[in-house]
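First up is the structure itself, then whatever we jot down about it.
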Protein chains: 2
Amino acid sequence: MTTADGRRAADGDPKPDGDPASDRAAPADTAPADTAPVDTVAAVVRQWEMVRPDLDTGPMEVIGRVNRCAALLQQAEDAPLRRAGLTRPEFDVLGTLRRTGHELTPSEIARETFSSGAAVTKRLKQLTERGLVERRGDTRDRRVAHVRLTDEGRDLVDGVLPDQLAYETRVLSGIDRERQHELARLLGELLGQLEGRLRLPRA
Amino acid sequence: MTTADGRRAADGDPKPDGDPASDRAAPADTAPADTAPVDTVAAVVRQWEMVRPDLDTGPMEVIGRVNRCAALLQQAEDAPLRRAGLTRPEFDVLGTLRRTGHELTPSEIARETFSSGAAVTKRLKQLTERGLVERRGDTRDRRVAHVRLTDEGRDLVDGVLPDQLAYETRVLSGIDRERQHELARLLGELLGQLEGRLRLPRA
DNA sequence: AGCAGGTGTTTTACTTGTAAAAGATTATCT
DNA sequence: AGATAATCTTTTACAAGTAAAACACCTGCT
């Protein structure tokens, strides 16, 4: 039980229960040895295989899990951020400024942040009101603005990030370092593919 | 460059470019042999390592990539769905009804779909208006409703799902079957962990 | 100089999600 | 029975994103 085919999440409610397809054991090659995983996506896939045995549900095993993991992680990760009074999109803006180390224009922030210009405008407005970023107009080209962190904004990022990373470390602590590494490697490959052909083969 | 620490996305713009940290080669164990990946998350991590070398950026390698992959996949995946006039959340509702094979109450749909009850109410309203689902009240407990697919709704799901899966297969085609399998396995482990302790160790 | 067109940013109108309260009904306790 | 608490669903008020248009400004052509 996840969603139509294993994606998305947000709430935080316990798993429902589910499908009576338990007469067919989870495929051995999908279930690792020790931790008895049986994640929700596996259950969803089994349901689909029951009602539509003609379909190749293979992609769900990857894509469904990526989506569901992302949803759960975001929910989890927001905790340290929220304690600092930040949403993640807000933190993304501040973090981008922090890690690049120099001023950025709104369009650059939008690109770095993979969000729309309009969204960035709104976030900057709020962050400016809170005194976390400052803007100045370009002297040459008066269309463009330059945004930088204030000292307060920088301190906020620097204070939050270690908590954030510590939290993330804890979230991943159920997976040993070697597997984390392997996971990162495979995800990097997938991501490289996805980013490589951002204009994907149109379906 | 992705976002503050490698998450989220939505737009579809090309990668910016980035950090001049190229004097330090990408860690060999994170970059696979052939495909020259260098995904955006790797670049973001390197930026962080430049400005905050004291931090352990390890978790970003996994979590940042999961989030970014999810964002790109969702954007990509929406294509076949949209052709059918459905958003993904809508499809999630229909798909849940299809794969369980029986009526569900709104709360059950919310759980299966990992969304809030209110969101489900809204979606059901629209789907009902479009004639894709029907509702009937429970005879015993008049608080609860039962929702089922109409024939039209079922036909829609059955028509869209193969396209969706074919598209997903194509999206993943850059990764060979064995790695997809391995990726699915590791993601299943991670997901199992995340779902196991949904109330995570509070940070 | 003057204007057609491009670029950076913001605004507008709208969609969708959420949290919290409201509504309606059923379950429990005395 | 009657009151209180719990449960299912919807409503309300609001936050945040998006696409498209609007602004404001720059560039290059004539």
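Residue numbers start at 1 in each chain; chains themselves are named A, B, ... in the order of the structure tokens; ligands are numbered from 1 in the order shown.
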
Near chain B, which residues of chain D fall within 12 Å when you count only C-alpha atoms (C1' of nucleotides), and what do they look like as a VMD selection string? chain D and resid 7 to 12 17 to 18

What parts of region 11-196 of chain B does DSSP call strand (DSSP E or B)? I'd like the answer as a list in words. Leu104, Val133, Glu134, Arg135, Arg136, Gly137, Ala145, His146, Val147, Arg148 and Leu149 of chain B

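Look at Pro80 (chain A): the protein and nucleic acid residues within 8 Å of it, using only C-alpha atoms (C1' of nucleotides) and passing over chain neighbours fewer than 2 places away, are Glu77, Asp78, Arg82, Arg83, Ala84, Val160, Asp163, Gln164 and Tyr167 of chain A; Ala203 of chain B.
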
Name all residues at most 12 Å from region 25-28 of chain D (count only C-alpha atoms (C1' of nucleotides); drop same-chain ones fewer than 3 positions away) and give them as an mmCIF file with C-alpha atoms (C1' of nucleotides), in the first residue's frame.
```cif
data_model
loop_
_atom_site.group_PDB
_atom_site.id
_atom_site.type_symbol
_atom_site.label_atom_id
_atom_site.label_comp_id
_atom_site.auth_asym_id
_atom_site.auth_seq_id
_atom_site.Cartn_x
_atom_site.Cartn_y
_atom_site.Cartn_z
ATOM 1 C CA ASP A 138 22.837 45.593 -10.285
ATOM 2 C CA ARG A 140 24.846 48.157 -14.826
ATOM 3 C CA ASP A 141 21.721 46.236 -15.642
ATOM 4 C CA ARG A 142 18.875 47.497 -13.579
ATOM 5 C CA ARG A 143 16.699 44.504 -14.337
ATOM 6 C CA VAL A 144 18.773 42.170 -12.278
ATOM 7 C "C1'" DG C 2 14.038 54.922 -32.453
ATOM 8 C "C1'" DC C 3 11.908 50.725 -32.272
ATOM 9 C "C1'" DA C 4 11.427 45.383 -32.352
ATOM 10 C "C1'" DG C 5 12.485 41.879 -29.670
ATOM 11 C "C1'" DG C 6 14.843 39.556 -25.782
ATOM 12 C "C1'" DT C 7 15.802 39.004 -20.798
ATOM 13 C "C1'" DG C 8 15.211 39.361 -15.594
ATOM 14 C "C1'" DT C 9 11.780 39.837 -12.267
#
```

Interatomic distance between CA of Ala110 (chain B) and CA of Leu124 (chain B)?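 Calculated distance between CA of Ala110 (chain B) and CA of Leu124 (chain B) is 10.7 Å.
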
Got a sec to pull out which chain C residues are within 9 Å of chain B, counting only C-alpha atoms (C1' of nucleotides), and send them as a list in words?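 Here is what falls inside 9 Å: DT16, DG17, DT18, DA24, DT25 and DT26 of chain C.
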